[in-house]
>>> print(open('final.txt').read())   # compact mmCIF, C-alpha atoms
# COMPACT_ATOMS: atom_id res chain seq x y z
CA MET A 68 -8.15 -24.65 20.11
CA LYS A 69 -4.81 -23.54 18.70
CA VAL A 70 -4.70 -22.14 15.16
CA ALA A 71 -1.52 -21.29 13.25
CA ILE A 72 -1.71 -18.90 10.30
CA ILE A 73 1.15 -18.94 7.82
CA ALA A 74 1.22 -15.81 5.66
CA LEU A 75 3.15 -16.40 2.45
CA PRO A 76 5.06 -13.67 0.58
CA GLY A 77 2.77 -11.74 -1.75
CA THR A 78 3.39 -10.92 -5.38
CA HIS A 79 3.30 -7.14 -4.76
CA ASP A 80 2.60 -6.09 -1.17
CA ASN A 81 5.37 -7.58 0.97
CA HIS A 82 6.14 -4.21 2.58
CA LEU A 83 2.72 -4.53 4.22
CA PRO A 84 2.01 -6.68 7.26
CA PRO A 85 -0.54 -9.44 6.42
CA LEU A 86 -3.56 -7.43 7.53
CA THR A 87 -6.14 -9.80 6.02
CA VAL A 88 -5.07 -12.71 8.21
CA ALA A 89 -4.75 -10.33 11.17
CA TYR A 90 -8.50 -9.73 10.80
CA VAL A 91 -9.02 -13.49 10.63
CA ALA A 92 -6.93 -13.94 13.77
CA ALA A 93 -8.94 -11.31 15.64
CA MET A 94 -12.22 -13.00 14.76
CA LEU A 95 -10.86 -16.42 15.77
CA GLU A 96 -9.66 -14.98 19.07
CA GLN A 97 -13.24 -13.86 19.70
CA ARG A 98 -14.14 -17.54 19.43
CA ARG A 99 -11.58 -18.23 22.14
CA ALA A 100 -9.02 -19.73 19.77
CA ILE A 101 -5.32 -19.26 20.52
CA VAL A 102 -3.78 -17.89 17.32
CA ARG A 103 -0.25 -17.35 16.07
CA ILE A 104 0.76 -15.68 12.78
CA TYR A 105 3.98 -16.72 11.03
CA ASP A 106 4.84 -14.33 8.21
CA ARG A 107 7.14 -15.86 5.60
CA ALA A 108 7.56 -12.46 3.93
CA LEU A 109 9.82 -11.39 6.80
CA ASP A 110 12.22 -14.22 5.90
CA PRO A 111 11.36 -15.40 2.37
CA GLN A 112 14.60 -17.39 2.09
CA GLY A 113 14.03 -19.19 5.38
CA SER A 114 13.66 -22.95 5.36
CA TRP A 115 10.44 -24.86 5.93
CA GLU A 116 12.29 -26.78 8.62
CA ASP A 117 12.40 -23.59 10.69
CA ILE A 118 8.64 -23.06 10.28
CA GLN A 119 8.02 -26.68 11.23
CA ARG A 120 10.13 -26.31 14.37
CA ARG A 121 8.12 -23.25 15.39
CA LEU A 122 4.87 -25.08 14.72
CA GLN A 123 6.05 -28.03 16.80
CA THR A 124 6.63 -25.64 19.69
CA PHE A 125 3.13 -24.16 19.30
CA GLN A 126 1.40 -27.49 18.46
CA PRO A 127 -1.65 -26.14 16.58
CA GLN A 128 -4.73 -28.27 15.91
CA ARG A 129 -5.48 -26.33 12.71
CA VAL A 130 -3.31 -24.50 10.17
CA ILE A 131 -4.24 -21.79 7.66
CA VAL A 132 -1.91 -21.13 4.72
CA ALA A 133 -2.67 -17.72 3.19
CA GLY A 134 -1.23 -16.02 0.11
CA ASP A 135 -1.93 -14.68 -3.36
CA ASP A 136 0.23 -17.12 -5.33
CA THR A 137 -1.40 -20.47 -6.09
CA ASN A 138 1.91 -22.27 -6.64
CA ALA A 139 3.33 -20.99 -3.35
CA ILE A 140 0.20 -22.10 -1.49
CA GLU A 141 0.39 -25.58 -3.04
CA GLN A 142 4.06 -25.87 -2.10
CA ALA A 143 3.35 -24.85 1.49
CA VAL A 144 0.47 -27.32 1.78
CA SER A 145 2.67 -30.14 0.45
CA GLN A 146 5.32 -29.31 3.05
CA LEU A 147 2.96 -29.35 6.02
CA HIS A 148 -0.05 -31.50 5.14
CA GLN A 149 1.24 -34.80 6.49
CA THR A 150 1.92 -33.29 9.92
CA TYR A 151 -1.12 -31.01 9.99
CA PRO A 152 -3.92 -32.59 7.95
CA ASP A 153 -6.57 -30.11 9.16
CA MET A 154 -5.38 -27.31 6.91
CA LEU A 155 -7.10 -24.50 4.97
CA PRO A 156 -5.49 -22.96 1.86
CA LEU A 157 -6.66 -19.33 1.73
CA PHE A 158 -6.16 -17.24 -1.41
CA VAL A 159 -5.99 -13.60 -0.20
CA ARG A 160 -3.87 -10.49 -0.55
CA ARG A 161 -2.18 -8.88 2.43
CA THR A 162 -3.99 -5.51 2.25
CA GLY A 163 -6.94 -6.32 4.52
CA SER A 164 -9.65 -5.24 2.09
CA GLU A 165 -10.65 -8.90 1.54
CA ALA A 166 -11.09 -9.56 5.26
CA ILE A 167 -14.85 -10.10 5.17
CA ALA A 168 -14.62 -12.78 2.46
CA ALA A 169 -11.63 -14.36 4.21
CA VAL A 170 -13.34 -14.50 7.60
CA THR A 171 -16.47 -15.99 5.98
CA SER A 172 -14.37 -18.77 4.41
CA VAL A 173 -12.51 -19.47 7.65
CA PHE A 174 -15.72 -19.66 9.69
CA ALA A 175 -17.22 -22.15 7.19
CA TRP A 176 -14.09 -24.30 7.54
CA PHE A 177 -14.03 -23.87 11.30
CA ASP A 178 -17.69 -24.92 11.58
CA GLY A 179 -17.35 -27.82 9.14
CA THR A 180 -19.84 -26.47 6.60
CA ASN A 181 -19.61 -25.90 2.87
CA HIS A 182 -21.13 -22.46 3.16
CA SER A 183 -21.33 -19.91 5.93
CA ALA A 184 -23.41 -16.76 6.21
CA GLU A 185 -21.40 -13.81 4.95
CA VAL A 186 -19.90 -11.74 7.73
CA SER A 187 -21.48 -8.29 8.01
CA ALA A 188 -19.43 -5.27 6.96
CA ASP A 189 -19.85 -3.92 10.50
CA GLU A 190 -18.86 -7.16 12.21
CA PRO A 191 -15.05 -7.48 11.84
CA VAL A 192 -13.18 -6.35 14.94
CA TYR A 193 -9.93 -4.45 14.63
CA PRO A 194 -7.15 -6.67 13.22
CA ALA A 195 -4.91 -8.51 15.66
CA ARG A 196 -1.91 -6.23 15.30
CA HIS A 197 -0.54 -7.53 18.61
CA LEU A 198 0.35 -10.74 16.70
CA LEU A 199 2.47 -8.79 14.18
CA SER A 200 5.88 -7.19 14.60
CA LEU A 201 4.97 -3.94 12.84
CA GLU A 202 8.47 -2.48 13.18
CA HIS A 203 9.92 -5.31 11.06
CA TYR A 204 8.05 -4.23 7.92
CA ALA A 205 9.42 -1.72 5.41
CA LEU A 206 6.45 0.58 5.94
CA ARG A 207 7.46 4.06 7.05
CA ALA A 208 5.92 7.51 7.15
CA PRO A 209 7.71 10.36 5.32
CA GLY A 210 9.60 11.23 8.52
CA GLY A 211 10.81 7.64 8.94
CA GLU A 212 8.49 6.52 11.76
CA VAL A 213 6.65 3.20 11.66
CA GLN A 214 3.35 3.14 9.76
CA THR A 215 0.58 0.59 9.91
CA PRO A 216 -2.09 0.11 7.25
CA VAL A 217 -5.74 0.80 8.03
CA VAL A 218 -8.56 -0.49 5.85
CA ILE A 219 -11.00 2.16 4.60
CA GLY A 220 -13.09 -0.12 2.40
CA TRP A 221 -14.07 -3.76 1.91
CA ARG A 222 -13.83 -5.41 -1.49
CA LEU A 223 -16.76 -7.79 -2.03
CA HIS A 224 -17.91 -9.42 -5.26
CA GLY A 225 -15.81 -7.04 -7.33
CA ARG A 226 -17.12 -3.87 -5.67
CA TRP A 227 -15.81 -1.48 -3.02
CA TYR A 228 -17.86 -0.79 0.12
CA LEU A 229 -16.35 2.13 2.01
CA ARG A 230 -16.38 2.10 5.80
CA GLU A 231 -18.12 4.78 7.81
CA PRO A 232 -15.76 7.67 8.69
CA ARG A 233 -16.77 7.28 12.34
CA GLN A 234 -15.53 3.66 12.41
CA ILE A 235 -12.20 4.59 10.83
CA ALA A 236 -11.69 7.47 13.28
CA GLN A 237 -12.39 5.13 16.20
CA GLU A 238 -9.77 2.69 14.92
CA LEU A 239 -7.22 5.50 14.55
CA ARG A 240 -7.88 6.63 18.10
CA THR A 241 -7.49 3.06 19.37
CA LEU A 242 -4.18 2.69 17.52
CA SER A 243 -2.91 5.86 19.14
CA GLU A 244 -4.11 5.11 22.67
CA GLU A 245 -3.37 1.38 22.88
CA LEU A 246 -0.40 0.83 20.55
CA GLY A 247 1.18 4.28 20.39
CA ILE A 248 0.88 4.34 16.59
CA ARG A 249 1.11 7.87 15.18
CA HIS A 250 1.20 7.22 11.43
CA VAL A 251 -1.10 5.11 9.25
CA LEU A 252 -1.47 4.24 5.60
CA PHE A 253 -4.79 4.05 3.77
CA TYR A 254 -3.43 1.67 1.14
CA GLU A 255 -6.51 1.11 -1.00
CA PRO A 256 -8.77 2.17 -2.59
CA GLU A 257 -8.13 5.77 -3.61
CA LEU A 258 -9.73 8.20 -1.19
CA THR A 259 -11.32 9.97 -4.14
CA LEU A 260 -13.12 6.82 -5.36
CA ASP A 261 -16.41 8.25 -4.07
CA THR A 262 -16.32 12.05 -4.00
CA GLN A 263 -19.23 12.40 -1.55
CA TRP A 264 -17.72 9.88 0.88
CA PHE A 265 -14.33 11.58 0.48
CA ALA A 266 -15.75 14.96 1.50
CA GLU A 267 -17.57 13.45 4.49
CA PHE A 268 -14.47 11.50 5.55
CA VAL A 269 -12.16 14.52 5.46
CA ASP A 270 -14.68 16.71 7.31
CA TYR A 271 -15.20 14.06 9.98
CA LEU A 272 -11.48 13.57 10.65
CA ALA A 273 -10.93 17.33 10.71
CA CYS A 274 -13.48 17.60 13.55
CA ALA A 275 -12.47 14.40 15.36
CA ASN A 276 -8.99 15.67 16.37
CA VAL A 277 -7.47 12.20 16.14
CA PRO A 278 -3.74 12.34 17.09
CA VAL A 279 -2.68 10.29 14.06
CA LYS A 280 -1.19 11.39 10.72
CA TRP A 281 -2.09 9.51 7.58
CA GLN A 282 -1.01 8.80 4.02
CA ALA A 283 -3.39 7.87 1.22
CA ALA A 284 -3.72 7.35 -2.51
CA VAL A 285 -5.81 9.80 -4.52
CA SER A 286 -6.68 10.44 -8.13
CA ILE A 287 -4.93 13.66 -9.07
CA VAL A 288 -7.74 14.60 -11.47
CA GLU A 289 -10.36 14.25 -8.71
CA LEU A 290 -8.50 16.50 -6.26
CA GLY A 291 -9.12 20.24 -6.11
CA GLU A 292 -7.20 23.09 -4.49
CA ALA A 293 -10.15 23.86 -2.20
CA GLN A 294 -9.77 20.44 -0.58
CA ILE A 295 -6.10 20.72 0.30
CA GLN A 296 -6.40 22.76 3.49
CA LYS A 297 -9.15 20.40 4.65
CA LEU A 298 -6.74 17.48 4.12
CA VAL A 299 -4.20 19.15 6.38
CA ARG A 300 -6.77 19.73 9.13
CA ALA A 301 -7.83 16.08 8.79
CA GLY A 302 -4.28 14.88 9.50
CA CYS A 303 -3.01 14.12 5.99
CA GLU A 304 0.79 14.07 5.80
CA ALA A 305 1.36 12.38 2.42
CA LEU A 306 -0.48 11.76 -0.84
CA THR A 307 0.35 9.25 -3.54
CA PHE A 308 -1.08 9.08 -7.02
CA VAL A 309 -0.49 7.53 -10.42
CA LEU A 310 0.74 9.45 -13.46
CA THR A 311 0.22 8.13 -16.97
CA ALA A 312 1.14 9.48 -20.36
CA THR A 313 -2.51 10.36 -20.89
CA SER A 314 -2.73 12.42 -17.70
CA VAL A 315 0.33 14.57 -18.47
CA PHE A 316 0.50 14.63 -22.28
CA ASP A 317 -3.09 15.56 -23.08
CA SER A 318 -2.40 19.29 -23.11
CA ALA A 319 -0.13 21.97 -21.76
CA ASN A 320 -3.11 23.17 -19.72
CA SER A 321 -3.52 19.80 -17.96
CA ARG A 322 0.19 19.70 -17.15
CA ALA A 323 0.01 23.22 -15.75
CA GLN A 324 -2.98 22.27 -13.59
CA VAL A 325 -1.20 19.20 -12.20
CA ARG A 326 1.92 21.27 -11.52
CA LYS A 327 -0.11 23.98 -9.76
CA LEU A 328 -1.99 21.44 -7.65
CA ILE A 329 1.20 19.67 -6.56
CA ALA A 330 2.74 23.01 -5.61
CA ALA A 331 -0.33 23.86 -3.50
CA ILE A 332 -0.15 20.45 -1.79
CA ARG A 333 3.52 20.87 -0.94
CA GLU A 334 2.96 24.40 0.34
CA GLN A 335 0.73 22.85 3.00
CA GLY A 336 3.56 20.51 4.05
CA ILE A 337 2.03 17.39 2.50
CA TYR A 338 4.52 14.95 1.01
CA THR A 339 3.83 13.97 -2.62
CA HIS A 340 4.81 10.73 -4.33
CA ALA A 341 3.79 9.60 -7.80
CA THR A 342 3.98 6.21 -9.43
CA VAL A 343 4.77 6.88 -13.07
CA LEU A 344 3.37 4.17 -15.35
CA LEU A 345 5.77 3.47 -18.20
CA GLU A 346 3.72 2.33 -21.16
CA PRO A 347 4.37 1.70 -24.84
CA PRO A 348 5.57 2.97 -27.20
CA TYR A 349 9.06 2.68 -25.73
CA GLU A 350 10.11 5.96 -27.34
CA SER A 351 7.60 7.91 -25.23
CA ILE A 352 9.14 6.86 -21.90
CA GLY A 353 11.86 9.49 -21.94
CA ARG A 354 9.38 12.28 -22.58
CA LEU A 355 7.04 11.05 -19.85
CA VAL A 356 9.89 10.93 -17.33
CA ASP A 357 11.06 14.41 -18.36
CA VAL A 358 7.58 15.84 -17.78
CA ALA A 359 7.27 14.08 -14.40
CA ALA A 360 10.57 15.66 -13.34
CA THR A 361 9.10 19.15 -13.82
CA LEU A 362 6.04 18.62 -11.63
CA GLY A 363 7.70 19.41 -8.29
CA LEU A 364 7.11 16.04 -6.64
CA ASN A 365 8.91 14.98 -3.48
CA ASP A 366 9.60 11.62 -5.08
CA ALA A 367 8.54 9.28 -7.85
CA SER A 368 8.78 5.58 -8.62
CA PHE A 369 8.43 3.85 -11.97
CA GLN A 370 6.29 0.87 -12.87
CA LEU A 371 6.15 -0.91 -16.20
CA MET A 372 2.87 -1.70 -17.88
CA GLN A 373 2.47 -5.43 -18.54
CA THR A 374 2.58 -4.89 -22.31
CA LEU A 375 6.00 -3.26 -22.02
CA ARG A 376 7.56 -6.12 -20.06
CA VAL A 377 7.47 -8.48 -23.01
CA GLY A 378 10.81 -8.45 -24.79
CA ASN A 379 12.42 -5.78 -22.58
CA ASN A 380 14.53 -5.91 -19.46
CA GLU A 381 12.37 -4.46 -16.70
CA GLN A 382 15.22 -3.48 -14.40
CA GLU A 383 17.12 -1.75 -17.21
CA ILE A 384 14.07 0.33 -18.18
CA GLN A 385 13.37 1.28 -14.56
CA SER A 386 17.03 2.18 -14.03
CA PHE A 387 16.99 4.33 -17.16
CA ALA A 388 13.81 6.06 -15.98
CA ARG A 389 15.23 6.73 -12.51
CA GLN A 390 18.47 8.18 -13.90
CA ARG A 391 16.64 10.39 -16.37
CA TYR A 392 14.20 11.55 -13.69
CA ASN A 393 17.04 12.52 -11.33
CA GLU A 394 18.73 14.42 -14.14
CA GLY A 395 15.47 16.17 -14.96
CA ARG A 396 14.95 17.16 -11.31
CA THR A 397 18.44 18.68 -11.19
CA ARG A 398 17.80 20.64 -14.39
CA GLN A 399 14.43 21.84 -13.07
CA ARG A 400 15.99 23.05 -9.79
CA LEU A 401 18.54 25.09 -11.74
CA ILE A 402 15.81 26.61 -13.89
CA GLU A 403 13.66 27.45 -10.86
CA ARG A 404 16.61 29.12 -9.13
CA PHE A 405 18.26 30.99 -11.99
CA GLY A 406 15.54 31.28 -14.62
CA PRO A 407 15.09 29.39 -17.92
CA ALA A 408 18.00 31.00 -19.77
CA LEU A 409 20.72 30.92 -17.11
CA GLY A 410 19.45 27.69 -15.55
CA GLY A 411 19.47 25.94 -18.92
CA LEU A 412 22.99 27.18 -19.62
CA LEU A 413 24.24 25.96 -16.23
CA TRP A 414 22.67 22.57 -16.94
CA GLN A 415 24.43 22.32 -20.30
CA LEU A 416 27.75 23.21 -18.68
CA ARG A 417 27.15 20.58 -16.02
CA VAL A 418 26.35 17.91 -18.63
CA GLN A 419 29.47 18.86 -20.61
CA HIS A 420 31.62 18.69 -17.48
CA LEU A 421 30.32 15.24 -16.55
CA ALA A 422 30.89 14.01 -20.11
CA GLU A 423 34.49 15.17 -20.04
CA GLU A 424 35.08 13.34 -16.80
>>> encode(input="final.txt", output="structure tokens")
Amino acid sequence: MKVAIIALPGTHDNHLPPLTVAYVAAMLEQRRAIVRIYDRALDPQGSWEDIQRRLQTFQPQRVIVAGDDTNAIEQAVSQLHQTYPDMLPLFVRRTGSEAIAAVTSVFAWFDGTNHSAEVSADEPVYPARHLLSLEHYALRAPGGEVQTPVVIGWRLHGRWYLREPRQIAQELRTLSEELGIRHVLFYEPELTLDTQWFAEFVDYLACANVPVKWQAAVSIVELGEAQIQKLVRAGCEALTFVLTATSVFDSANSRAQVRKLIAAIREQGIYTHATVLLEPPYESIGRLVDVAATLGLNDASFQLMQTLRVGNNEQEIQSFARQRYNEGRTRQRLIERFGPALGGLLWQLRVQHLAEE
């Protein structure tokens, strides 16, 4: 049987390949189905006529339409239903963490039942990355090489179930040996979600000698200096975390601790990126950005809280934050090089010169 999977653009994660449906495809291939994945996120402005032409060439008996936007799914179904009546709308994100629930739903549809036994957490095979053009996605390691996401935990019934470190290490080794992948992204959840699992995971990878470098999200408050060298031995090349006004404004001591930790991470050659959450009141944004600029990060991005988007232009606020952050980084570099007094004076002269121009 031929099965076509159409992955629709997501609301947030379009830089990721559609890993959830890649898991579905792998499980269907085990059932001897012939599967093709068509990712609309690679050409969101493309016409449905082009998709229909590609489907006519493949001639599937069944079609799965997957995405995380109900309106987009309904539109896709309306475009294709007359030609392909045996169709399954599948509401999933692209990250892969919902793969168990997705595969369970697909198997129930495939078998013609209303309910199917839930797939075991140990059952999903590695996702069918051979059906995806990984190089076409805007997912790159700090050095610019292609990354691919790897799932470290399943999300079921509102809870996270973290995979065994041994299983993850085996997948990393397979990626290296069979696909030549050298960089991966642990997209979600944060590695520090479960501190005991985190310690076991890092220790296991450090001993496994897997020839793959990885990037992951962590909670900055759950990370300690003693863990940093272990991260390096485990193959970590980049860490991302979220900064909020609460995490950097609570006290001068907390800011100093964050600054010291980031410096220790960078000394080990690990790339640091923070997502700075811009939250009301509006007047506090400038101060938050100024503090973030002094932390010694490799880079930062800015995301608006939902409550701030009402009545304000999101792009203008993000542009303001980016400009102020860049200015703050320049000022901080001058201070670090020449000291607070001379560095501050050079910054004032620079600002005056730019104003005169």
>>> closest_residue(input="final.txt", among="A:Pro216, A:Gly406, A:Gly336, A:Pro156", to="Glu141 in chain A", atoms="all atoms listed in the file")
A:Pro156
>>> residues_around(input="final.txt", residues="Arg196 in chain A", least_positions_apart="4", cutoff="10 Å", atoms="only C-alpha atoms", output="list in words")
Pro84, Pro85, Leu86, Ala89, Tyr90, Ala92, Ala93, Ser200, Leu201, Thr215, Leu242 and Leu246 of chain A
>>> closest_residue(input="final.txt", among="A:Ala71, A:Leu355, A:Leu95, A:Ala100", to="Pro194 in chain A", atoms="only C-alpha atoms")
A:Leu95
>>> atom_distance(input="final.txt", atom1="CA of Arg333 in chain A", atom2="CA of Leu298 in chain A")
11.9 Å
>>> atom_distance(input="final.txt", atom1="CA of Val130 in chain A", atom2="CA of Asp117 in chain A")
15.7 Å
>>> residues_around(input="final.txt", residues="range 300-314 of chain A", least_positions_apart="2", cutoff="7 Å", atoms="only C-alpha atoms", output="VMD selection string")
chain A and resid 269 272 to 273 279 to 287 296 to 298 316 to 317 337 to 344 355
>>> residues_around(input="final.txt", residues="range 148-150 of chain A", least_positions_apart="5", cutoff="12 Å", atoms="all atoms listed in the file", output="number ranges by chain")
A: 119-120, 122-123, 126-132, 140-143, 155-156
>>> atom_distance(input="final.txt", atom1="CA of Gln324 in chain A", atom2="CA of Tyr271 in chain A")
27.8 Å
>>> residues_around(input="final.txt", residues="Gly134 in chain A", least_positions_apart="4", cutoff="12 Å", atoms="only C-alpha atoms", output="ChimeraX atom specification")
/A:72-81,85-88,106-108,138-144,155-162,165,169
>>> write_last_selection(input="final.txt", atoms="C-alpha atoms", output="JSON list (two decimals), in the coordinates of the input")
[["chain", "number", "residue", "atom", "x", "y", "z"],
["A", 72, "ILE", "CA", -1.71, -18.90, 10.30],
["A", 73, "ILE", "CA", 1.15, -18.94, 7.82],
["A", 74, "ALA", "CA", 1.22, -15.81, 5.66],
["A", 75, "LEU", "CA", 3.15, -16.40, 2.45],
["A", 76, "PRO", "CA", 5.06, -13.67, 0.58],
["A", 77, "GLY", "CA", 2.77, -11.74, -1.75],
["A", 78, "THR", "CA", 3.39, -10.92, -5.38],
["A", 79, "HIS", "CA", 3.30, -7.14, -4.76],
["A", 80, "ASP", "CA", 2.60, -6.09, -1.17],
["A", 81, "ASN", "CA", 5.37, -7.58, 0.97],
["A", 85, "PRO", "CA", -0.54, -9.44, 6.42],
["A", 86, "LEU", "CA", -3.56, -7.43, 7.53],
["A", 87, "THR", "CA", -6.14, -9.80, 6.02],
["A", 88, "VAL", "CA", -5.07, -12.71, 8.21],
["A", 106, "ASP", "CA", 4.84, -14.33, 8.21],
["A", 107, "ARG", "CA", 7.14, -15.86, 5.60],
["A", 108, "ALA", "CA", 7.56, -12.46, 3.93],
["A", 138, "ASN", "CA", 1.91, -22.27, -6.64],
["A", 139, "ALA", "CA", 3.33, -20.99, -3.35],
["A", 140, "ILE", "CA", 0.20, -22.10, -1.49],
["A", 141, "GLU", "CA", 0.39, -25.58, -3.04],
["A", 142, "GLN", "CA", 4.06, -25.87, -2.10],
["A", 143, "ALA", "CA", 3.35, -24.85, 1.49],
["A", 144, "VAL", "CA", 0.47, -27.32, 1.78],
["A", 155, "LEU", "CA", -7.10, -24.50, 4.97],
["A", 156, "PRO", "CA", -5.49, -22.96, 1.86],
["A", 157, "LEU", "CA", -6.66, -19.33, 1.73],
["A", 158, "PHE", "CA", -6.16, -17.24, -1.41],
["A", 159, "VAL", "CA", -5.99, -13.60, -0.20],
["A", 160, "ARG", "CA", -3.87, -10.49, -0.55],
["A", 161, "ARG", "CA", -2.18, -8.88, 2.43],
["A", 162, "THR", "CA", -3.99, -5.51, 2.25],
["A", 165, "GLU", "CA", -10.65, -8.90, 1.54],
["A", 169, "ALA", "CA", -11.63, -14.36, 4.21]]
>>> residues_near_point(input="final.txt", point="(-7.1, 19.2, -5.7)", cutoff="10 Å", atoms="all atoms listed in the file", output="PDB file with C-alpha atoms, keeping the file's coordinate frame")
ATOM      1  CA  VAL A 285      -5.810   9.800  -4.520  1.00  0.00           C
ATOM      2  CA  SER A 286      -6.680  10.440  -8.130  1.00  0.00           C
ATOM      3  CA  ILE A 287      -4.930  13.660  -9.070  1.00  0.00           C
ATOM      4  CA  VAL A 288      -7.740  14.600 -11.470  1.00  0.00           C
ATOM      5  CA  GLU A 289     -10.360  14.250  -8.710  1.00  0.00           C
ATOM      6  CA  LEU A 290      -8.500  16.500  -6.260  1.00  0.00           C
ATOM      7  CA  GLY A 291      -9.120  20.240  -6.110  1.00  0.00           C
ATOM      8  CA  GLU A 292      -7.200  23.090  -4.490  1.00  0.00           C
ATOM      9  CA  ALA A 293     -10.150  23.860  -2.200  1.00  0.00           C
ATOM     10  CA  GLN A 294      -9.770  20.440  -0.580  1.00  0.00           C
ATOM     11  CA  ILE A 295      -6.100  20.720   0.300  1.00  0.00           C
ATOM     12  CA  GLN A 296      -6.400  22.760   3.490  1.00  0.00           C
ATOM     13  CA  LEU A 298      -6.740  17.480   4.120  1.00  0.00           C
ATOM     14  CA  GLN A 324      -2.980  22.270 -13.590  1.00  0.00           C
ATOM     15  CA  VAL A 325      -1.200  19.200 -12.200  1.00  0.00           C
ATOM     16  CA  LYS A 327      -0.110  23.980  -9.760  1.00  0.00           C
ATOM     17  CA  LEU A 328      -1.990  21.440  -7.650  1.00  0.00           C
ATOM     18  CA  ILE A 329       1.200  19.670  -6.560  1.00  0.00           C
ATOM     19  CA  ALA A 331      -0.330  23.860  -3.500  1.00  0.00           C
ATOM     20  CA  ILE A 332      -0.150  20.450  -1.790  1.00  0.00           C
TER      21      ILE A 332
END
>>> closest_residue(input="final.txt", among="A:Thr124, A:Gln370, A:Ser145, A:Asn276", to="Arg240 in chain A", atoms="all atoms listed in the file")
A:Asn276
>>> closest_residue(input="final.txt", among="A:Ala175, A:Asp357, A:Asn365, A:Arg226", to="Arg389 in chain A", atoms="all atoms listed in the file")
A:Asp357
>>> closest_residue(input="final.txt", among="A:Arg354, A:His82, A:Arg249, A:Arg391", to="Ala205 in chain A", atoms="all atoms listed in the file")
A:His82
>>> closest_residue(input="final.txt", among="A:Ile104, A:Asp366, A:Ser318, A:Glu334", to="Pro209 in chain A", atoms="only C-alpha atoms")
A:Asp366
>>> build_atoms(input="final.txt", residues="range 168-172 of chain A", atoms="all heavy atoms", output="compact mmCIF listing (two decimals), in the frame of the given file")
# COMPACT_ATOMS: atom_id res chain seq x y z
N ALA A 168 -14.56 -11.52 3.20
CA ALA A 168 -14.62 -12.78 2.46
C ALA A 168 -13.73 -13.83 3.12
O ALA A 168 -14.10 -15.01 3.20
CB ALA A 168 -14.22 -12.55 1.01
N ALA A 169 -12.56 -13.41 3.59
CA ALA A 169 -11.63 -14.36 4.21
C ALA A 169 -12.21 -14.92 5.51
O ALA A 169 -12.16 -16.13 5.76
CB ALA A 169 -10.29 -13.67 4.48
N VAL A 170 -12.76 -14.05 6.34
CA VAL A 170 -13.34 -14.50 7.60
C VAL A 170 -14.52 -15.43 7.34
O VAL A 170 -14.69 -16.46 8.02
CB VAL A 170 -13.78 -13.30 8.46
CG1 VAL A 170 -14.61 -13.75 9.66
CG2 VAL A 170 -12.56 -12.52 8.93
N THR A 171 -15.34 -15.12 6.33
CA THR A 171 -16.47 -15.99 5.98
C THR A 171 -15.99 -17.39 5.61
O THR A 171 -16.55 -18.40 6.06
CB THR A 171 -17.27 -15.38 4.81
OG1 THR A 171 -17.77 -14.09 5.19
CG2 THR A 171 -18.43 -16.27 4.42
N SER A 172 -14.92 -17.47 4.80
CA SER A 172 -14.37 -18.77 4.41
C SER A 172 -13.81 -19.53 5.60
O SER A 172 -14.01 -20.74 5.74
CB SER A 172 -13.27 -18.57 3.36
OG SER A 172 -13.78 -17.99 2.18
